[in-house]
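The structure under discussion appears below in the form of structure tokens.
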Amino acid sequence: MRVLVTGGSGFIGSHTVVSLLEAGHDPVVVDNLSNASRSVLTRIGEIAGRQPEFHEADIRDRDTMGSIAASGFDACIHFAALKAVAESVEEPMLYYDNNVGGTIALLEVLVASDITTFVFSSSATVYGDPNKLPVTEDMPTGVATNPYGWTKIMMEQILRDVQGANPDWSVSLLRYFNPVGAHPSGLIGEEPRGTPNNLMPYVAKVAAGELARLSVFGGDYPTSDGTGVRDYIHVVDLAEGHVAALNTHVGDAGVHTYNLGTGKGSSVLEVLHSYENACGKSIPYEVVERRAGDVAANWADVTRAESVLGWKTTRDLADMCADSWRWQQRTR
Ligand code: NAD
Ligand code: UFG
């Protein structure tokens with residue numbers, strides 16, 4: 001399949017492009033490089049043996065996107081978005097314009113070009129503070145605690161409505177839990193700008209000696225050790241989930257919603273100790289106040305993805321930490 005991949009030079013997009021190439025598909029990357037570098041394409045080529053076609057373009061630029069789409073595609077996987085939660089609170093209009101406005105512009109181009117299979121990067125954040133664990137796809141979407149989360153809830157609704165108006169469309173809504181790790185080659189991974197906001201990239205920088213200690217946000221949650229629990233998923237497993245969703249649902253009219261996680265929760269301290277094993281050092285930390293907007297625990301019921309997509313994760317927390325640490329050492 002020839003697949004248009006927006007945001008394909010970013011963290012999850014680059015790993016998915018590798019998986020698409022390895023599966024024999026023909027990905028074409030569109031990225032405005034606002035949060036990625038061009039060298040990622042070369043490194044994808046080193047891993048997969050060939051480089052994808054690349055266009056530096058913004059998804060909001062309808063004319064350029066229209067001329068790219070005119071070359072013909074079997075499907076689009078849409079990763080391009082801004083994703084920094086705190087920045088979205090400071091700059092809400094930037095987030096609504098780029099994420100929601102960008103998605104609408106892209107959808108207009110796809111409708112006009114008759115590209116009818118669409119795979120969307122959604123997030124576990126759409127569940128808000130879940131009242132039951134593990135979360136299943138039929139649970140109602142919740143109340144977001146920040147504009148970034150609202151953009152995901154809004155974009156899911158826009159996609160359900162666009163599919164309703166275009167009944168031949170196949171829309172897959174993939175709700176990622178917490179993607180971490182890096183490619184085992186050490187060639188591609190996550191490159192956060194400035195101080196990381198997310199747990200594993202922060203722990204990686206403490207392990208590397210670039211940051212002094214981890215602040216553990218809250219030690220009094222109703223969890224096994226009092227720290228927050230999340231469903232961490234290796235980014236390569238997540239990438240393979242996209243290929244499975246694409247292969248299963250190309251041309252399959254309807255809206256298909258999946259949780260992509262491992263189905264298992266890990267606490268902040270479990271992640272920290274697993275990382276200590278991976279890097280062979282002790283990682284300093286202190287328990288501080290809870291972070292506003294955080295939920296105590298969130299992990300996925302992955303029964304639907306396993307049974308319908310025939311996909312399940314094969315990499316555990318030790319793999320995630322080992323691959324993150326290899327990537328961290330290469331980027332120093
Ligand atoms: P990323 O920032 O590494 O990748 C996003 C890519 O999109 C970047 O390369 C960026 O340059 C590009 N981009 C942004 N706006 C664009 C625009 N207007 N036009 C063209 N390109 C644009 O982020 P990621 O972690 O790979 O996330 C990919 C997707 O997955 C996003 O939609 C994100 O919201 C979603 N997601 C991420 C996580 C996570 O924890 N990483 C969790 C759930 C969902
Ligand atoms: N944490 C710390 N210290 C840190 C960073 C995180 O203790 O320095 C804790 C958090 O409190 C949480 C866990 O580690 O318990 C995971 O935090 P992350 O920031 O890595 O991940 P979140 O689950 O908070 O964030 C994810 C996605 C976001 C999304 C958000 C909404 O990364 O994109 O869920 O819930 F918006």
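Here's how to read the names in the structure tokens: chain A, B, ... by the order shown, residue numbers from 1 in each chain, ligand numbers from 1 in the order shown.
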
- Item | Selection within 7 Å of ligand 1 by only C-alpha atoms and all ligand atoms, output as number ranges by chain | A: 6-13, 30-36, 57-60, 79-83, 98, 102, 121-124, 175-179, 190

Write out, as JSON lines, each residue of chain A that has an atom at most 6 Å from ligand 2, together with the closest pair of atoms and their distance in Å to one decimal, counting only C-alpha atoms and all ligand atoms, rows going by chain and rising number.
{"residue": "A:Lys83", "atom": "CA", "partner": "ligand 2", "partner_atom_place_in_ligand_line": "33 (O)", "distance": 5.9}
{"residue": "A:Val85", "atom": "CA", "partner": "ligand 2", "partner_atom_place_in_ligand_line": "36 (F)", "distance": 5.7}
{"residue": "A:Thr125", "atom": "CA", "partner": "ligand 2", "partner_atom_place_in_ligand_line": "31 (C)", "distance": 4.3}
{"residue": "A:Gly149", "atom": "CA", "partner": "ligand 2", "partner_atom_place_in_ligand_line": "36 (F)", "distance": 5.6}
{"residue": "A:Asn178", "atom": "CA", "partner": "ligand 2", "partner_atom_place_in_ligand_line": "32 (O)", "distance": 5.8}
{"residue": "A:Asn197", "atom": "CA", "partner": "ligand 2", "partner_atom_place_in_ligand_line": "19 (O)", "distance": 5.6}
{"residue": "A:Asn198", "atom": "CA", "partner": "ligand 2", "partner_atom_place_in_ligand_line": "20 (O)", "distance": 3.4}
{"residue": "A:Leu199", "atom": "CA", "partner": "ligand 2", "partner_atom_place_in_ligand_line": "5 (C)", "distance": 3.8}
{"residue": "A:Tyr202", "atom": "CA", "partner": "ligand 2", "partner_atom_place_in_ligand_line": "8 (O)", "distance": 5.9}
{"residue": "A:Leu214", "atom": "CA", "partner": "ligand 2", "partner_atom_place_in_ligand_line": "8 (O)", "distance": 5.8}
{"residue": "A:Ser215", "atom": "CA", "partner": "ligand 2", "partner_atom_place_in_ligand_line": "3 (N)", "distance": 5.1}
{"residue": "A:Val216", "atom": "CA", "partner": "ligand 2", "partner_atom_place_in_ligand_line": "7 (O)", "distance": 3.4}
{"residue": "A:Phe217", "atom": "CA", "partner": "ligand 2", "partner_atom_place_in_ligand_line": "7 (O)", "distance": 3.9}
{"residue": "A:Gly228", "atom": "CA", "partner": "ligand 2", "partner_atom_place_in_ligand_line": "15 (O)", "distance": 3.6}
{"residue": "A:Val229", "atom": "CA", "partner": "ligand 2", "partner_atom_place_in_ligand_line": "15 (O)", "distance": 5.6}
{"residue": "A:Val268", "atom": "CA", "partner": "ligand 2", "partner_atom_place_in_ligand_line": "14 (O)", "distance": 5.3}
{"residue": "A:Arg291", "atom": "CA", "partner": "ligand 2", "partner_atom_place_in_ligand_line": "11 (O)", "distance": 5.9}
{"residue": "A:Asp294", "atom": "CA", "partner": "ligand 2", "partner_atom_place_in_ligand_line": "24 (O)", "distance": 5.9}

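Among the candidates A:Ser88, A:Val100, A:His249, A:Ile68, the residue lying nearest to Glu156 of chain A is A:Val100 (atoms considered: only C-alpha atoms).
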
- Query: Mind checking DSSP for segment 51-209 of chain A and telling me the strand (DSSP E or B) residues as a ChimeraX atom specification?
  - Reply: /A:53-56,75-78,117-123,135,170-176,178-180

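In this comparison, which uses only C-alpha atoms, the residue of A:Pro147, A:Gly241, A:Gly128, A:Pro222 approaching His15 of chain A most closely is A:Gly241.
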
- Task: Enumerate, as a PyMOL selection string, the complete set of residues in segment 52-274 of chain A that a backbone-based DSSP assignment places in helix (DSSP H, G or I).
- Result: chain A and resi 62-69+85-90+92-113+124-127+147-165+199-207+235-249+268-274

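Among the candidates A:Glu306, A:Glu276, A:Asp63, A:Glu137, the residue lying nearest to Ala105 of chain A is A:Asp63 (atoms considered: only C-alpha atoms).
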
- Close residues, Tyr275 of chain A itself excluded, 12 Å, only C-alpha atoms, min 5 positions apart in chain, as a PyMOL selection string: chain A and resi 181+199-208+268-270+280-284+317-326+328

Suppose we keep C-alpha atoms; can you now write the selection as a JSON list (two decimals), in the first residue's frame?
[["chain", "number", "residue", "atom", "x", "y", "z"],
["A", 181, "GLY", "CA", 11.48, 3.30, 24.48],
["A", 199, "LEU", "CA", 8.56, 10.22, 32.94],
["A", 200, "MET", "CA", 10.87, 7.97, 30.94],
["A", 201, "PRO", "CA", 12.71, 10.70, 28.96],
["A", 202, "TYR", "CA", 13.23, 12.52, 32.28],
["A", 203, "VAL", "CA", 14.58, 9.38, 34.00],
["A", 204, "ALA", "CA", 16.90, 8.84, 31.00],
["A", 205, "LYS", "CA", 18.43, 12.30, 31.49],
["A", 206, "VAL", "CA", 18.89, 11.74, 35.23],
["A", 207, "ALA", "CA", 20.60, 8.42, 34.48],
["A", 208, "ALA", "CA", 22.86, 10.22, 32.00],
["A", 268, "VAL", "CA", 6.60, 5.43, 38.76],
["A", 269, "LEU", "CA", 8.90, 3.60, 41.17],
["A", 270, "GLU", "CA", 8.68, 0.37, 39.16],
["A", 280, "GLY", "CA", 23.43, -0.19, 35.97],
["A", 281, "LYS", "CA", 23.30, 2.95, 38.14],
["A", 282, "SER", "CA", 21.11, 4.17, 40.95],
["A", 283, "ILE", "CA", 18.83, 7.04, 39.96],
["A", 284, "PRO", "CA", 18.26, 9.75, 42.59],
["A", 317, "LEU", "CA", 9.29, -2.80, 30.68],
["A", 318, "ALA", "CA", 12.87, -4.12, 30.80],
["A", 319, "ASP", "CA", 13.04, -3.89, 26.97],
["A", 320, "MET", "CA", 11.56, -0.37, 27.03],
["A", 321, "CYS", "CA", 14.19, 0.80, 29.54],
["A", 322, "ALA", "CA", 17.09, -0.97, 27.79],
["A", 323, "ASP", "CA", 16.18, 0.53, 24.40],
["A", 324, "SER", "CA", 15.57, 3.99, 25.89],
["A", 325, "TRP", "CA", 18.99, 3.85, 27.59],
["A", 326, "ARG", "CA", 20.76, 2.75, 24.37],
["A", 328, "GLN", "CA", 20.01, 8.10, 25.35]]

- Determine, counting only C-alpha atoms, which protein, DNA and RNA residues have an atom within 12 Å of an atom of Ala253 of chain A; residues of the same chain fewer than 4 positions away are not included. Present the result as a list in words. Thr116, Thr117, Phe118, Arg160, Gln163, Gly164, Ala165, Asn166, Pro167, Asp168, Trp169, Ser170, Val171, Ser172, Thr248 and His249 of chain A

For the selection you just gave me, I'd like the residues written to a file as a short mmCIF file (atom, residue, chain, number, x, y, z; two decimals), in the first residue's frame, keeping all heavy atoms.
data_model
loop_
_atom_site.label_atom_id
_atom_site.label_comp_id
_atom_site.auth_asym_id
_atom_site.auth_seq_id
_atom_site.Cartn_x
_atom_site.Cartn_y
_atom_site.Cartn_z
N THR A 116 -9.79 7.22 1.30
CA THR A 116 -10.90 6.94 2.22
C THR A 116 -10.54 6.05 3.41
O THR A 116 -11.41 5.71 4.19
CB THR A 116 -12.06 6.29 1.43
OG1 THR A 116 -11.57 5.08 0.85
CG2 THR A 116 -12.60 7.20 0.35
N THR A 117 -9.26 5.66 3.53
CA THR A 117 -8.86 4.91 4.73
C THR A 117 -7.96 5.80 5.58
O THR A 117 -6.94 6.31 5.09
CB THR A 117 -8.11 3.61 4.34
OG1 THR A 117 -9.04 2.73 3.71
CG2 THR A 117 -7.52 2.92 5.58
N PHE A 118 -8.35 5.99 6.84
CA PHE A 118 -7.70 6.98 7.71
C PHE A 118 -7.41 6.35 9.07
O PHE A 118 -8.29 5.76 9.69
CB PHE A 118 -8.64 8.18 7.88
CG PHE A 118 -8.01 9.39 8.50
CD1 PHE A 118 -7.27 10.27 7.74
CD2 PHE A 118 -8.19 9.66 9.85
CE1 PHE A 118 -6.69 11.41 8.31
CE2 PHE A 118 -7.62 10.79 10.43
CZ PHE A 118 -6.87 11.67 9.65
N ARG A 160 -15.62 10.86 13.60
CA ARG A 160 -16.86 10.07 13.57
C ARG A 160 -17.88 10.76 12.67
O ARG A 160 -18.59 10.11 11.90
CB ARG A 160 -17.40 9.89 15.00
CG ARG A 160 -16.64 8.84 15.81
CD ARG A 160 -17.31 8.56 17.16
NE ARG A 160 -17.00 9.59 18.12
CZ ARG A 160 -16.00 9.55 19.01
NH1 ARG A 160 -15.23 8.49 19.09
NH2 ARG A 160 -15.79 10.55 19.84
N GLN A 163 -16.89 10.43 8.98
CA GLN A 163 -17.19 9.07 8.50
C GLN A 163 -18.70 8.93 8.27
O GLN A 163 -19.13 8.30 7.31
CB GLN A 163 -16.68 8.03 9.52
CG GLN A 163 -16.55 6.62 8.95
CD GLN A 163 -17.86 5.88 8.83
OE1 GLN A 163 -18.79 6.13 9.61
NE2 GLN A 163 -17.95 4.99 7.85
N GLY A 164 -19.50 9.54 9.16
CA GLY A 164 -20.96 9.47 8.99
C GLY A 164 -21.40 10.11 7.69
O GLY A 164 -22.32 9.62 7.01
N ALA A 165 -20.73 11.20 7.31
CA ALA A 165 -21.10 11.91 6.09
C ALA A 165 -20.50 11.25 4.84
O ALA A 165 -20.94 11.51 3.72
CB ALA A 165 -20.64 13.36 6.18
N ASN A 166 -19.51 10.40 5.05
CA ASN A 166 -18.83 9.70 3.94
C ASN A 166 -18.79 8.22 4.29
O ASN A 166 -17.75 7.69 4.70
CB ASN A 166 -17.40 10.23 3.76
CG ASN A 166 -17.36 11.70 3.40
OD1 ASN A 166 -17.44 12.08 2.25
ND2 ASN A 166 -17.26 12.54 4.43
N PRO A 167 -19.92 7.52 4.16
CA PRO A 167 -20.05 6.18 4.74
C PRO A 167 -19.08 5.15 4.18
O PRO A 167 -18.90 4.09 4.79
CB PRO A 167 -21.50 5.78 4.42
CG PRO A 167 -22.18 7.02 4.00
CD PRO A 167 -21.15 7.99 3.52
N ASP A 168 -18.44 5.43 3.05
CA ASP A 168 -17.46 4.46 2.54
C ASP A 168 -16.11 4.62 3.25
O ASP A 168 -15.20 3.81 3.04
CB ASP A 168 -17.29 4.61 1.02
CG ASP A 168 -16.86 6.03 0.62
OD1 ASP A 168 -17.25 6.99 1.33
OD2 ASP A 168 -16.14 6.17 -0.38
N TRP A 169 -15.95 5.62 4.10
CA TRP A 169 -14.68 5.82 4.78
C TRP A 169 -14.43 4.77 5.85
O TRP A 169 -15.34 4.35 6.56
CB TRP A 169 -14.65 7.20 5.46
CG TRP A 169 -14.10 8.28 4.56
CD1 TRP A 169 -14.47 8.54 3.28
CD2 TRP A 169 -13.10 9.23 4.91
NE1 TRP A 169 -13.75 9.60 2.80
CE2 TRP A 169 -12.90 10.03 3.79
CE3 TRP A 169 -12.35 9.49 6.05
CZ2 TRP A 169 -11.98 11.07 3.77
CZ3 TRP A 169 -11.43 10.52 6.05
CH2 TRP A 169 -11.25 11.30 4.91
N SER A 170 -13.14 4.38 5.97
CA SER A 170 -12.67 3.54 7.06
C SER A 170 -11.83 4.41 7.99
O SER A 170 -10.79 4.91 7.57
CB SER A 170 -11.82 2.40 6.51
OG SER A 170 -11.09 1.78 7.55
N VAL A 171 -12.30 4.59 9.21
CA VAL A 171 -11.56 5.42 10.19
C VAL A 171 -11.16 4.53 11.37
O VAL A 171 -12.02 3.91 12.00
CB VAL A 171 -12.44 6.59 10.69
CG1 VAL A 171 -11.76 7.31 11.85
CG2 VAL A 171 -12.72 7.58 9.56
N SER A 172 -9.86 4.47 11.65
CA SER A 172 -9.38 3.75 12.84
C SER A 172 -8.90 4.78 13.85
O SER A 172 -8.02 5.60 13.55
CB SER A 172 -8.24 2.79 12.49
OG SER A 172 -8.70 1.79 11.61
N THR A 248 -5.84 -4.62 8.54
CA THR A 248 -7.17 -5.15 8.88
C THR A 248 -8.28 -4.28 8.28
O THR A 248 -9.30 -4.80 7.81
CB THR A 248 -7.34 -5.22 10.42
OG1 THR A 248 -6.29 -6.01 10.96
CG2 THR A 248 -8.69 -5.83 10.81
N HIS A 249 -8.09 -2.97 8.32
CA HIS A 249 -9.23 -2.09 8.04
C HIS A 249 -9.13 -1.27 6.75
O HIS A 249 -9.97 -0.41 6.53
CB HIS A 249 -9.47 -1.16 9.24
CG HIS A 249 -9.95 -1.90 10.46
ND1 HIS A 249 -11.09 -2.67 10.44
CD2 HIS A 249 -9.45 -2.00 11.71
CE1 HIS A 249 -11.28 -3.21 11.64
NE2 HIS A 249 -10.29 -2.83 12.43
#

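Closest approach to Thr103 of chain A among A:Val162, A:Val143, A:Ala48, A:Ala84: A:Val162, based on only C-alpha atoms.
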
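Residue nearest Ile104 of chain A within the list A:Ala70, A:Ile158, A:Ala244, A:Ile77: A:Ile158 [criterion: smallest interatomic distance, only C-alpha atoms].
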
- Determine the nearest neighbour of Gly261 of chain A from the options A:Thr151, A:Ser274, A:Thr303, A:Ser14, counting only C-alpha atoms. A:Thr303

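One finds atom CA of Val126 of chain A at 5.5 Å from atom CA of Ile153 of chain A.
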
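Atom CA of Val302 of chain A sits 7.7 Å away from atom CA of Tyr258 of chain A.
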